[in-house]
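Shown below: protein.cif, with mmCIF, C-alpha atoms and all ligand atoms.
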```
data_structure
#
loop_
_atom_site.label_atom_id
_atom_site.label_comp_id
_atom_site.auth_asym_id
_atom_site.auth_seq_id
_atom_site.Cartn_x
_atom_site.Cartn_y
_atom_site.Cartn_z
CA MET C 1 -7.71 82.02 77.96
CA LYS C 2 -9.48 83.74 75.04
CA TYR C 3 -9.63 83.26 71.30
CA GLN C 4 -9.06 86.25 69.10
CA VAL C 5 -10.38 85.57 65.61
CA GLN C 6 -9.64 87.80 62.63
CA PRO C 7 -12.48 87.94 60.13
CA GLY C 8 -12.53 86.10 56.83
CA GLY C 9 -10.45 83.30 55.36
CA ALA C 10 -11.11 79.95 53.73
CA LEU C 11 -10.29 76.42 54.94
CA GLN C 12 -8.05 74.08 52.97
CA GLY C 13 -6.30 70.83 53.82
CA GLU C 14 -6.78 67.61 55.78
CA LEU C 15 -7.33 66.92 59.43
CA ARG C 16 -8.03 64.04 61.80
CA VAL C 17 -9.79 65.52 64.81
CA PRO C 18 -9.27 63.86 68.23
CA GLY C 19 -10.99 60.64 69.28
CA ASP C 20 -14.66 60.29 70.06
CA LYS C 21 -15.43 61.39 73.61
CA SER C 22 -18.38 59.05 74.15
CA ILE C 23 -16.43 56.02 72.92
CA SER C 24 -13.28 56.99 74.87
CA HIS C 25 -15.19 57.08 78.18
CA ARG C 26 -16.77 53.71 77.47
CA ALA C 27 -13.47 52.11 76.38
CA ILE C 28 -11.94 52.85 79.79
CA MET C 29 -15.02 51.68 81.68
CA LEU C 30 -15.56 48.40 79.86
CA GLY C 31 -11.81 47.75 79.54
CA ALA C 32 -11.41 48.15 83.31
CA LEU C 33 -14.28 45.75 84.03
CA ALA C 34 -13.27 43.12 81.47
CA ASN C 35 -11.22 40.01 82.00
CA GLY C 36 -7.91 40.52 80.20
CA VAL C 37 -6.04 43.40 78.59
CA THR C 38 -7.79 45.95 76.36
CA ARG C 39 -5.66 47.97 73.96
CA VAL C 40 -7.20 51.24 72.84
CA GLN C 41 -5.98 53.46 70.04
CA GLY C 42 -7.32 56.85 69.01
CA PHE C 43 -8.27 57.60 72.64
CA LEU C 44 -9.32 61.20 73.29
CA GLU C 45 -6.68 62.78 75.52
CA GLY C 46 -9.14 65.46 76.59
CA GLU C 47 -9.91 66.31 80.18
CA ASP C 48 -13.30 64.57 80.23
CA ALA C 49 -12.04 61.15 79.17
CA LEU C 50 -8.90 61.56 81.30
CA ALA C 51 -11.10 62.14 84.34
CA THR C 52 -12.72 58.76 83.73
CA LEU C 53 -9.28 57.17 83.27
CA HIS C 54 -8.11 58.64 86.60
CA ALA C 55 -11.27 57.45 88.35
CA PHE C 56 -10.56 53.83 87.38
CA ARG C 57 -6.90 54.15 88.36
CA ALA C 58 -8.16 55.37 91.74
CA MET C 59 -10.14 52.12 91.96
CA GLY C 60 -7.02 50.02 91.50
CA VAL C 61 -7.05 49.45 87.72
CA ARG C 62 -3.66 49.53 86.03
CA ILE C 63 -3.91 51.74 82.95
CA ASP C 64 -0.83 52.48 80.81
CA GLY C 65 -0.79 55.67 78.75
CA PRO C 66 -2.23 57.64 77.16
CA ASP C 67 0.60 57.91 74.68
CA HIS C 68 -0.40 59.38 71.31
CA GLY C 69 -3.89 58.03 71.79
CA ARG C 70 -2.75 54.58 72.91
CA VAL C 71 -4.03 53.28 76.22
CA THR C 72 -3.67 49.81 77.69
CA VAL C 73 -6.24 48.84 80.29
CA HIS C 74 -5.50 45.84 82.51
CA GLY C 75 -9.02 44.70 83.26
CA VAL C 76 -9.91 43.52 86.76
CA GLY C 77 -13.22 41.84 85.94
CA LEU C 78 -16.70 43.05 86.88
CA HIS C 79 -16.05 42.43 90.59
CA GLY C 80 -12.39 43.44 90.79
CA LEU C 81 -12.57 47.19 91.51
CA GLU C 82 -11.19 48.46 94.82
CA ALA C 83 -12.64 51.20 97.00
CA PRO C 84 -11.09 54.56 96.06
CA ALA C 85 -9.31 56.52 98.78
CA GLY C 86 -11.37 59.65 98.16
CA PRO C 87 -14.11 61.12 95.97
CA LEU C 88 -14.01 60.45 92.23
CA ASP C 89 -13.83 63.78 90.40
CA LEU C 90 -15.36 63.58 86.93
CA GLY C 91 -14.49 67.18 86.07
CA ASN C 92 -16.84 68.62 83.44
CA ALA C 93 -18.14 65.28 82.20
CA GLY C 94 -21.82 64.41 82.37
CA THR C 95 -21.10 61.13 80.60
CA GLY C 96 -18.44 60.20 83.14
CA MET C 97 -20.71 60.89 86.08
CA ARG C 98 -23.93 59.37 84.76
CA LEU C 99 -22.36 56.16 83.43
CA LEU C 100 -20.24 55.72 86.54
CA ALA C 101 -23.31 56.18 88.72
CA GLY C 102 -24.74 53.03 87.15
CA LEU C 103 -21.53 51.07 87.62
CA MET C 104 -20.89 52.29 91.16
CA ALA C 105 -24.42 51.37 92.24
CA GLY C 106 -23.42 47.73 91.75
CA GLN C 107 -20.16 47.76 93.76
CA SER C 108 -19.51 46.42 97.25
CA PHE C 109 -17.95 49.72 98.42
CA ASP C 110 -19.21 53.29 98.84
CA THR C 111 -18.27 56.03 96.37
CA ARG C 112 -18.70 59.75 96.11
CA LEU C 113 -18.90 61.24 92.61
CA THR C 114 -18.20 64.92 92.16
CA GLY C 115 -17.18 67.37 89.44
CA ASP C 116 -16.64 71.00 88.50
CA ALA C 117 -19.14 73.84 88.98
CA SER C 118 -20.87 73.15 85.65
CA LEU C 119 -21.26 69.42 86.31
CA CYS C 120 -22.41 70.07 89.88
CA SER C 121 -25.27 72.17 88.53
CA ARG C 122 -26.57 69.46 86.17
CA PRO C 123 -29.56 67.21 86.89
CA MET C 124 -28.77 63.69 88.13
CA GLY C 125 -32.31 62.73 89.15
CA ARG C 126 -32.72 61.25 85.67
CA VAL C 127 -30.28 58.47 86.66
CA VAL C 128 -30.76 58.46 90.45
CA ASP C 129 -34.51 57.79 90.23
CA PRO C 130 -34.40 54.65 88.05
CA LEU C 131 -31.26 53.37 89.84
CA THR C 132 -33.10 53.75 93.14
CA ARG C 133 -35.94 51.68 91.70
CA MET C 134 -33.35 48.99 90.94
CA GLY C 135 -32.38 48.97 94.63
CA ALA C 136 -29.46 51.42 94.61
CA ARG C 137 -28.95 53.84 97.49
CA ILE C 138 -27.78 57.23 96.26
CA GLY C 139 -27.69 60.55 98.05
CA THR C 140 -27.54 63.85 96.14
CA ALA C 141 -27.20 67.52 96.88
CA GLU C 142 -30.30 69.72 96.65
CA GLY C 143 -32.43 69.27 93.55
CA GLY C 144 -30.82 65.94 92.65
CA ARG C 145 -27.49 67.59 91.78
CA PRO C 146 -23.99 66.19 92.37
CA PRO C 147 -22.11 65.20 94.42
CA LEU C 148 -23.61 61.71 94.36
CA VAL C 149 -23.00 59.55 97.41
CA ILE C 150 -23.49 55.94 96.38
CA SER C 151 -23.75 53.22 99.02
CA GLY C 152 -22.11 49.95 98.16
CA GLY C 153 -23.30 46.46 98.98
CA GLN C 154 -26.86 46.87 97.68
CA SER C 155 -28.36 44.09 95.66
CA LEU C 156 -29.75 45.42 92.43
CA GLN C 157 -32.82 44.06 90.73
CA GLY C 158 -33.43 44.31 86.97
CA LEU C 159 -35.91 46.94 85.86
CA HIS C 160 -37.86 47.84 82.78
CA TYR C 161 -37.58 51.56 82.27
CA ALA C 162 -39.32 53.75 79.70
CA MET C 163 -37.11 56.83 79.52
CA PRO C 164 -38.98 60.14 79.67
CA MET C 165 -36.26 61.86 77.60
CA ALA C 166 -34.04 60.68 74.73
CA SER C 167 -30.78 60.26 76.64
CA ALA C 168 -27.92 57.91 75.83
CA GLN C 169 -26.39 58.66 79.20
CA VAL C 170 -29.47 57.47 81.07
CA LYS C 171 -29.83 54.41 78.84
CA SER C 172 -26.15 53.54 79.25
CA CYS C 173 -26.20 54.11 83.01
CA LEU C 174 -29.05 51.63 83.43
CA LEU C 175 -27.60 49.01 81.09
CA LEU C 176 -24.29 49.20 82.99
CA ALA C 177 -26.10 48.87 86.33
CA GLY C 178 -27.92 45.96 84.71
CA LEU C 179 -24.63 44.05 84.46
CA TYR C 180 -24.75 43.86 88.29
CA ALA C 181 -28.50 43.29 88.65
CA ARG C 182 -30.48 40.11 89.14
CA GLY C 183 -32.48 39.32 86.01
CA ARG C 184 -33.09 41.51 83.05
CA THR C 185 -32.71 45.27 82.74
CA SER C 186 -34.35 46.89 79.73
CA VAL C 187 -34.58 50.49 78.62
CA THR C 188 -36.99 51.90 76.04
CA GLU C 189 -36.07 55.18 74.42
CA PRO C 190 -38.59 57.70 73.06
CA ALA C 191 -36.29 58.37 70.07
CA PRO C 192 -33.04 56.74 68.93
CA THR C 193 -29.93 57.89 70.84
CA ARG C 194 -26.27 57.02 70.41
CA ASP C 195 -25.75 53.29 70.80
CA HIS C 196 -22.02 53.09 71.59
CA THR C 197 -22.63 51.29 74.88
CA GLU C 198 -24.64 48.55 73.20
CA ARG C 199 -22.08 48.17 70.39
CA MET C 200 -19.15 48.08 72.78
CA LEU C 201 -20.79 45.63 75.17
CA TYR C 202 -21.31 43.37 72.18
CA GLY C 203 -17.62 43.82 71.26
CA PHE C 204 -16.67 42.71 74.78
CA GLY C 205 -18.76 39.59 74.29
CA TYR C 206 -21.76 40.70 76.38
CA LYS C 207 -25.13 40.01 74.87
CA VAL C 208 -27.39 43.03 74.42
CA GLU C 209 -30.87 42.33 73.10
CA ARG C 210 -32.36 44.95 70.85
CA ASP C 211 -36.06 44.94 70.07
CA GLY C 212 -37.25 48.12 68.37
CA ALA C 213 -36.71 50.99 70.78
CA THR C 214 -35.75 48.69 73.68
CA ALA C 215 -32.26 47.53 74.64
CA ALA C 216 -31.83 44.89 77.34
CA VAL C 217 -29.13 43.00 79.23
CA GLU C 218 -29.21 40.08 81.65
CA GLY C 219 -27.10 40.50 84.76
CA GLY C 220 -24.40 38.12 85.84
CA GLY C 221 -22.34 37.81 82.65
CA GLU C 222 -18.70 38.65 81.98
CA LEU C 223 -16.81 41.05 79.75
CA THR C 224 -13.91 39.77 77.68
CA ALA C 225 -11.16 42.23 76.77
CA CYS C 226 -10.87 43.37 73.16
CA ASP C 227 -9.00 45.96 71.13
CA ILE C 228 -10.69 49.27 70.41
CA ASP C 229 -9.96 51.74 67.62
CA VAL C 230 -11.68 54.99 68.55
CA PRO C 231 -12.91 56.95 65.50
CA ALA C 232 -12.42 60.72 65.30
CA ASP C 233 -15.27 62.51 67.06
CA ILE C 234 -18.00 63.74 64.71
CA SER C 235 -18.92 66.25 67.43
CA SER C 236 -15.45 67.82 67.08
CA ALA C 237 -15.51 67.45 63.29
CA ALA C 238 -18.80 69.38 63.33
CA PHE C 239 -17.02 72.71 63.86
CA PHE C 240 -15.06 72.16 60.65
CA LEU C 241 -18.07 70.82 58.76
CA VAL C 242 -19.72 74.16 59.47
CA ALA C 243 -16.53 76.22 59.06
CA ALA C 244 -15.77 74.87 55.58
CA SER C 245 -19.43 75.15 54.58
CA ILE C 246 -19.72 78.84 55.50
CA ALA C 247 -16.29 80.11 54.35
CA PRO C 248 -16.31 80.68 50.57
CA GLY C 249 -13.52 78.89 48.70
CA SER C 250 -13.10 76.13 51.31
CA ASP C 251 -12.36 72.49 50.53
CA ILE C 252 -11.24 70.16 53.34
CA LEU C 253 -11.01 66.47 54.15
CA LEU C 254 -11.79 65.26 57.69
CA ARG C 255 -10.30 61.83 58.14
CA HIS C 256 -11.52 58.73 60.01
CA VAL C 257 -14.70 60.33 61.38
CA GLY C 258 -17.18 58.15 63.24
CA VAL C 259 -20.43 58.10 61.26
CA ASN C 260 -22.54 55.88 63.48
CA PRO C 261 -26.15 56.43 62.28
CA THR C 262 -27.11 57.60 65.79
CA ARG C 263 -24.60 60.46 65.52
CA ILE C 264 -24.99 61.85 62.00
CA GLY C 265 -27.78 64.35 62.57
CA VAL C 266 -25.28 67.12 61.87
CA LEU C 267 -24.58 65.71 58.40
CA ASN C 268 -28.27 65.27 57.65
CA ILE C 269 -29.18 68.77 58.86
CA LEU C 270 -26.31 70.49 57.04
CA ARG C 271 -27.19 68.66 53.84
CA LEU C 272 -30.81 69.78 54.17
CA MET C 273 -29.43 73.32 54.44
CA GLY C 274 -27.58 72.81 51.17
CA ALA C 275 -24.09 71.85 52.40
CA ASP C 276 -21.71 70.04 50.08
CA ILE C 277 -20.44 67.10 52.16
CA THR C 278 -19.47 63.73 50.75
CA GLN C 279 -18.51 60.54 52.55
CA GLU C 280 -15.45 58.81 51.14
CA ASN C 281 -13.84 55.48 51.89
CA PRO C 282 -16.58 54.16 54.23
CA ARG C 283 -15.36 51.33 56.48
CA GLU C 284 -15.97 49.80 59.89
CA VAL C 285 -13.56 49.83 62.85
CA GLY C 286 -14.36 47.74 65.90
CA GLY C 287 -18.10 47.74 65.27
CA GLU C 288 -18.33 51.48 64.54
CA PRO C 289 -18.79 52.90 61.01
CA VAL C 290 -16.13 55.41 59.93
CA ALA C 291 -15.59 57.55 56.81
CA ASP C 292 -13.56 60.47 55.50
CA LEU C 293 -15.70 63.56 55.08
CA ARG C 294 -15.03 65.98 52.24
CA VAL C 295 -16.54 69.43 52.73
CA ARG C 296 -16.68 72.25 50.23
CA SER C 297 -18.22 75.64 50.82
CA ALA C 298 -21.84 76.09 49.78
CA ASP C 299 -24.66 78.59 49.97
CA LEU C 300 -26.72 77.48 52.94
CA LYS C 301 -30.41 78.13 53.38
CA GLY C 302 -32.46 78.22 56.55
CA ILE C 303 -34.69 75.21 57.33
CA ASP C 304 -37.13 73.82 59.87
CA ILE C 305 -34.95 71.24 61.59
CA PRO C 306 -36.74 67.87 61.51
CA GLN C 307 -37.61 66.65 65.01
CA ASP C 308 -36.24 63.18 64.41
CA GLN C 309 -32.77 64.63 63.82
CA VAL C 310 -32.60 66.45 67.16
CA PRO C 311 -31.28 63.61 69.37
CA LEU C 312 -28.93 62.57 66.56
CA ALA C 313 -27.32 66.04 66.52
CA ILE C 314 -27.74 67.00 70.17
CA ASP C 315 -24.12 68.06 70.75
CA GLU C 316 -23.76 69.78 67.38
CA PHE C 317 -26.33 72.56 67.77
CA PRO C 318 -23.84 75.26 68.80
CA ALA C 319 -22.04 74.69 65.48
CA LEU C 320 -25.33 74.32 63.59
CA PHE C 321 -26.58 77.66 64.96
CA ILE C 322 -23.55 79.32 63.35
CA ALA C 323 -24.49 77.64 60.07
CA ALA C 324 -28.02 79.00 60.54
CA ALA C 325 -26.64 82.51 61.18
CA CYS C 326 -24.76 82.32 57.85
CA ALA C 327 -27.68 80.82 55.90
CA SER C 328 -30.18 82.78 53.88
CA GLY C 329 -33.57 82.85 55.55
CA ARG C 330 -34.89 81.46 58.79
CA THR C 331 -33.92 78.33 60.70
CA VAL C 332 -36.30 76.98 63.33
CA LEU C 333 -35.38 74.45 66.01
CA ARG C 334 -37.95 72.99 68.38
CA GLY C 335 -38.06 69.91 70.60
CA ALA C 336 -34.55 70.54 71.90
CA ALA C 337 -35.17 71.39 75.57
CA GLU C 338 -32.29 69.03 76.48
CA LEU C 339 -29.93 71.74 75.20
CA ARG C 340 -30.74 73.70 78.31
CA VAL C 341 -29.09 71.13 80.60
CA LYS C 342 -25.82 70.55 78.77
CA GLU C 343 -22.45 71.97 79.88
CA SER C 344 -24.31 75.30 79.75
CA ASP C 345 -27.84 76.33 78.77
CA ARG C 346 -26.86 76.15 75.12
CA ILE C 347 -30.00 77.86 73.81
CA GLN C 348 -29.47 80.89 76.01
CA ALA C 349 -25.69 80.96 75.59
CA MET C 350 -25.85 80.80 71.80
CA ALA C 351 -28.72 83.31 71.62
CA GLU C 352 -26.70 85.82 73.60
CA GLY C 353 -23.55 85.39 71.50
CA LEU C 354 -25.44 85.51 68.21
CA ALA C 355 -27.16 88.71 69.31
CA THR C 356 -23.75 90.19 70.21
CA LEU C 357 -22.64 89.49 66.64
CA GLY C 358 -25.81 91.12 65.28
CA ILE C 359 -27.75 87.98 64.35
CA ALA C 360 -31.48 88.28 65.06
CA ASN C 361 -32.87 85.35 67.00
CA GLU C 362 -35.78 84.42 69.21
CA VAL C 363 -35.40 82.05 72.12
CA LEU C 364 -38.11 79.41 72.52
CA GLU C 365 -38.58 77.23 75.57
CA ASP C 366 -37.40 74.18 73.64
CA GLY C 367 -35.45 75.72 70.80
CA ILE C 368 -34.61 78.86 68.88
CA ILE C 369 -35.45 80.78 65.72
CA ILE C 370 -32.44 82.22 63.90
CA ASP C 371 -32.58 84.64 60.98
CA GLY C 372 -29.46 84.41 58.85
CA GLY C 373 -27.75 87.71 58.09
CA GLU C 374 -24.62 89.82 58.10
CA MET C 375 -22.43 89.05 61.09
CA GLY C 376 -20.44 91.71 62.90
CA GLY C 377 -17.65 91.33 65.45
CA GLY C 378 -17.60 91.61 69.21
CA ALA C 379 -16.76 89.85 72.46
CA VAL C 380 -18.80 86.71 73.11
CA ARG C 381 -19.27 84.84 76.40
CA THR C 382 -18.96 81.03 76.46
CA PHE C 383 -20.39 80.24 79.91
CA MET C 384 -17.35 77.94 80.32
CA ASP C 385 -18.80 75.63 77.66
CA HIS C 386 -16.29 74.07 75.23
CA ARG C 387 -18.72 73.80 72.35
CA ILE C 388 -19.96 77.39 72.66
CA ALA C 389 -16.32 78.53 72.48
CA MET C 390 -15.50 76.52 69.34
CA ALA C 391 -18.75 77.52 67.63
CA PHE C 392 -18.03 81.23 67.99
CA ALA C 393 -14.40 80.79 66.93
CA VAL C 394 -15.71 79.41 63.64
CA ALA C 395 -18.19 82.30 63.30
CA GLY C 396 -15.18 84.60 62.79
CA LEU C 397 -14.89 83.26 59.23
CA ARG C 398 -18.00 85.20 58.24
CA ALA C 399 -17.79 88.13 60.65
CA SER C 400 -17.04 91.61 59.33
CA ALA C 401 -14.82 92.50 62.32
CA PRO C 402 -12.71 90.55 64.87
CA VAL C 403 -14.49 88.16 67.24
CA THR C 404 -13.16 87.69 70.77
CA VAL C 405 -14.31 84.49 72.41
CA LEU C 406 -13.99 84.79 76.18
CA ASP C 407 -13.19 81.89 78.59
CA CYS C 408 -12.03 79.16 76.24
CA ASP C 409 -10.17 76.94 78.73
CA HIS C 410 -12.89 74.30 78.67
CA VAL C 411 -12.17 73.49 75.03
CA ALA C 412 -9.56 71.09 76.42
CA THR C 413 -12.34 68.88 77.80
CA SER C 414 -13.19 67.58 74.33
CA PHE C 415 -10.76 69.03 71.78
CA PRO C 416 -7.23 69.62 73.03
CA GLY C 417 -5.31 71.51 70.33
CA PHE C 418 -8.43 72.95 68.69
CA HIS C 419 -6.91 76.34 67.90
CA ALA C 420 -3.78 74.81 66.34
CA ALA C 421 -5.89 72.44 64.24
CA ALA C 422 -8.14 75.31 63.17
CA ARG C 423 -5.16 77.52 62.30
CA GLY C 424 -3.65 74.68 60.30
CA LEU C 425 -6.73 74.66 58.07
CA GLY C 426 -6.84 78.46 57.72
CA LEU C 427 -8.92 79.92 60.54
CA ALA C 428 -7.19 83.09 61.77
CA VAL C 429 -7.53 82.27 65.48
CA GLU C 430 -5.03 83.20 68.17
CA VAL C 431 -4.95 82.36 71.82
CA VAL C 432 -4.60 85.33 74.15
CA ALA C 433 -4.32 85.28 77.93
C1 LIG C 501 -23.49 61.28 75.59
C2 LIG C 501 -24.84 61.47 75.49
C3 LIG C 501 -25.47 62.78 75.27
C4 LIG C 501 -24.46 63.82 74.81
C5 LIG C 501 -23.19 63.76 75.59
C6 LIG C 501 -22.54 62.40 75.45
C7 LIG C 501 -22.96 59.93 75.81
O1 LIG C 501 -26.02 63.24 76.49
O2 LIG C 501 -25.02 65.11 74.88
O3 LIG C 501 -22.27 64.74 75.14
O4 LIG C 501 -21.73 59.72 75.69
O5 LIG C 501 -23.75 59.04 76.13
P1 LIG C 501 -27.54 62.87 76.92
O6 LIG C 501 -27.63 61.43 77.15
O7 LIG C 501 -27.75 63.66 78.19
O8 LIG C 501 -28.40 63.36 75.80
#
```
Turn this file's structure into structure tokens for me.
Amino acid sequence: MKYQVQPGGALQGELRVPGDKSISHRAIMLGALANGVTRVQGFLEGEDALATLHAFRAMGVRIDGPDHGRVTVHGVGLHGLEAPAGPLDLGNAGTGMRLLAGLMAGQSFDTRLTGDASLCSRPMGRVVDPLTRMGARIGTAEGGRPPLVISGGQSLQGLHYAMPMASAQVKSCLLLAGLYARGRTSVTEPAPTRDHTERMLYGFGYKVERDGATAAVEGGGELTACDIDVPADISSAAFFLVAASIAPGSDILLRHVGVNPTRIGVLNILRLMGADITQENPREVGGEPVADLRVRSADLKGIDIPQDQVPLAIDEFPALFIAAACASGRTVLRGAAELRVKESDRIQAMAEGLATLGIANEVLEDGIIIDGGEMGGGAVRTFMDHRIAMAFAVAGLRASAPVTVLDCDHVATSFPGFHAAARGLGLAVEVVA
């Protein structure tokens, strides 16, 4: 499936983008392991979160739905999972695999975690190494890649771990393994990363200690079911934050967007570039801050992206690079080597597509330099990466000729219905076979 985008247009109207992917994964996991029934609304019915849902069904958890974002999880307690009949396939989802690795390390039965070609090329040593230090037994394919073969019946011991990279997946994996470990498991992060696991554990009545950059749990507690209202995903909203900013005459409202401070790098960076974004009606749902975001078009200027914003915007760089391409002057990103191990090598993938559209850029080992300028049309590769596809669809708004975005099937992992939502606001995108 491809997107064919006609140049030009402005965005108008209101939209609630689908539920937050990170929170949707965690809602299934903690709901399944809680005592009692967890009712979730706003669940992301995208392939990534559905893969996690199917994995827990395969381990004997009754899960009703999803039905218009409503899911009911009949928790089995921390020790109530059953051995699955076969491998657990996490599809495209790094979050699914890395968080499950932590949980599966504490079970009494063996599991095999696998995924699609992209996931099977991503590094898992970052979770396997510290889990092994906790006493887990995990086999991997060459180079620490999936599939992961996790031996059950190991007794885990708490660990203090200073993470070498700023990763919420690694932090969350270890805290979840810590629920099954003897003693205390603590993780120190080199820079703040999304804290949905800590917030949700707290919501399920599990104490998480936070001391500066360190989060810690004691093993041996229990989770108590609770209701979860999943905010709209700021990572999906990001494409429209950029789209409305770059398309002259735009004015849109994005409703019920999660604005957790560990996720709002995209807002901070766009504002530094001169974007006109206001937060309206701020509120809190189930321990997560939410707001409506009003975006009007603005003249953007290139900036040096502050290092402290990088982990807070890590999934939004494909969209931000399109903003940089439409800005006047030069944008410089450094300290973002993690982008190279996402669903694709996002530095290389974006550099190639930007060059196709005539935008001068220079690839750095840990970032990119982008010179804003006139954008032409052309056919852009996505490397099967959902966010690369959506970023280049949005670029069509400022291109001088049609943009064809190749291989867009993976958009369904995080944003089912993206093209219809985008069309509804005024992006001239069509799906072609
Ligand atoms: C996520 C953490 C981030 C992010 C991913 C979701 C999470 O990954 O890129 O899309 O839900 O914890 P890293 O922990 O690898 O940075």
Neighbour list for C:His54 as a ChimeraX atom specification, cut-off 9 Å, only C-alpha atoms, skip fewer than 6 positions in-chain | /C:63,88-90
Distance query C:His196 at most 10 Å, all atoms listed in the file, self and fewer than 3 positions along chain excluded, as a PyMOL selection string | chain C and resi 22-23+26-27+168+172+193+199-202+260+262-263+287-288
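Taking all atoms listed in the file into account, the residues that come within 6 Å of ligand LIG 501 (chain C) are Ser22, Thr95, Ser167, Ala168, Gln169, Val170, Ile314 and Asp315 of chain C.
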Got a sec: who's within 12 Å of C:Thr132, counting only C-alpha atoms, leaving out chain neighbours fewer than 6 positions off, as a PyMOL selection string?
-> chain C and resi 101-102+105-106+124-126+138-140+150-151+154-159+161+174+177
Residues of stretch 398-424 of chain C that approach stretch 336-349 of chain C to 12 Å or less, counting only C-alpha atoms: could you list each one with the shortest pair of atoms and its distance in Å to one decimal, rows by chain and increasing residue number, as a Markdown table?
```
| residue | atom | partner | partner_atom | distance |
| --- | --- | --- | --- | --- |
| C:His410 | CA | C:Glu343 | CA | 9.9 |
| C:Val411 | CA | C:Glu343 | CA | 11.5 |
| C:Thr413 | CA | C:Glu343 | CA | 10.8 |
| C:Ser414 | CA | C:Glu343 | CA | 11.7 |
```
So that all listed atoms of stretch 94-106 of chain C fit with 3 Å spare on each side, what axis-aligned box centre and edge lengths in Å, to one decimal, would you give as lines of an AutoDock Vina configuration file?
```
center_x = -21.6
center_y = 56.1
center_z = 86.4
size_x = 12.3
size_y = 22.7
size_z = 17.6
```
Pick from C:Glu45, C:Val127, C:Gly91, C:Val5 nearest to C:Leu397, counting all atoms listed in the file |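 For C:Leu397, the nearest of the candidates is C:Val5.
Proximity ranking of C:Met163, C:Cys173, C:Glu365, C:Asp48 relative to C:Gly115 places C:Asp48 first, based on all atoms listed in the file.
Taking atom CA of C:Glu198 and atom CA of C:Leu15 as endpoints, the distance between them is 28.8 Å.
Atom CA of C:Val208 to atom CA of C:Gly31 spans 17.1 Å [interatomic distance, one decimal].
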Could you name the residues that touch C:Asp67 at 12 Å or less, counting only C-alpha atoms, but leaving out those on the same chain fewer than 6 positions away, as a count of residues only?
-> 7
Have stretch 250-262 of chain C completed to N, CA and C atoms, please, and pass it along as a PDB file, keeping the file's coordinate frame.
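Produced file out-v3.pdb, reproduced below:
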```pdb
ATOM      1  N   SER C 250     -13.651  77.204  50.469  1.00  0.00           N
ATOM      2  CA  SER C 250     -13.100  76.130  51.310  1.00  0.00           C
ATOM      3  C   SER C 250     -13.253  74.767  50.656  1.00  0.00           C
ATOM      4  N   ASP C 251     -12.317  73.887  51.003  1.00  0.00           N
ATOM      5  CA  ASP C 251     -12.360  72.490  50.530  1.00  0.00           C
ATOM      6  C   ASP C 251     -11.464  71.703  51.473  1.00  0.00           C
ATOM      7  N   ILE C 252     -12.049  70.899  52.353  1.00  0.00           N
ATOM      8  CA  ILE C 252     -11.240  70.160  53.340  1.00  0.00           C
ATOM      9  C   ILE C 252     -11.631  68.694  53.374  1.00  0.00           C
ATOM     10  N   LEU C 253     -10.726  67.894  53.933  1.00  0.00           N
ATOM     11  CA  LEU C 253     -11.010  66.470  54.150  1.00  0.00           C
ATOM     12  C   LEU C 253     -10.814  66.171  55.629  1.00  0.00           C
ATOM     13  N   LEU C 254     -11.858  65.655  56.277  1.00  0.00           N
ATOM     14  CA  LEU C 254     -11.790  65.260  57.690  1.00  0.00           C
ATOM     15  C   LEU C 254     -11.690  63.750  57.718  1.00  0.00           C
ATOM     16  N   ARG C 255     -10.576  63.256  58.261  1.00  0.00           N
ATOM     17  CA  ARG C 255     -10.300  61.830  58.140  1.00  0.00           C
ATOM     18  C   ARG C 255     -10.810  61.000  59.318  1.00  0.00           C
ATOM     19  N   HIS C 256     -11.241  59.773  59.002  1.00  0.00           N
ATOM     20  CA  HIS C 256     -11.520  58.730  60.010  1.00  0.00           C
ATOM     21  C   HIS C 256     -12.614  59.150  60.998  1.00  0.00           C
ATOM     22  N   VAL C 257     -13.641  59.826  60.488  1.00  0.00           N
ATOM     23  CA  VAL C 257     -14.700  60.330  61.380  1.00  0.00           C
ATOM     24  C   VAL C 257     -15.741  59.243  61.642  1.00  0.00           C
ATOM     25  N   GLY C 258     -16.122  59.091  62.883  1.00  0.00           N
ATOM     26  CA  GLY C 258     -17.180  58.150  63.240  1.00  0.00           C
ATOM     27  C   GLY C 258     -18.502  58.614  62.654  1.00  0.00           C
ATOM     28  N   VAL C 259     -19.151  57.730  61.890  1.00  0.00           N
ATOM     29  CA  VAL C 259     -20.430  58.100  61.260  1.00  0.00           C
ATOM     30  C   VAL C 259     -21.526  57.107  61.646  1.00  0.00           C
ATOM     31  N   ASN C 260     -21.475  56.696  62.916  1.00  0.00           N
ATOM     32  CA  ASN C 260     -22.540  55.880  63.480  1.00  0.00           C
ATOM     33  C   ASN C 260     -23.882  56.568  63.169  1.00  0.00           C
ATOM     34  N   PRO C 261     -24.872  55.799  62.654  1.00  0.00           N
ATOM     35  CA  PRO C 261     -26.150  56.430  62.280  1.00  0.00           C
ATOM     36  C   PRO C 261     -26.830  57.190  63.414  1.00  0.00           C
ATOM     37  N   THR C 262     -26.500  56.863  64.670  1.00  0.00           N
ATOM     38  CA  THR C 262     -27.110  57.600  65.790  1.00  0.00           C
ATOM     39  C   THR C 262     -26.373  58.900  66.092  1.00  0.00           C
TER      40      THR C 262
END
```
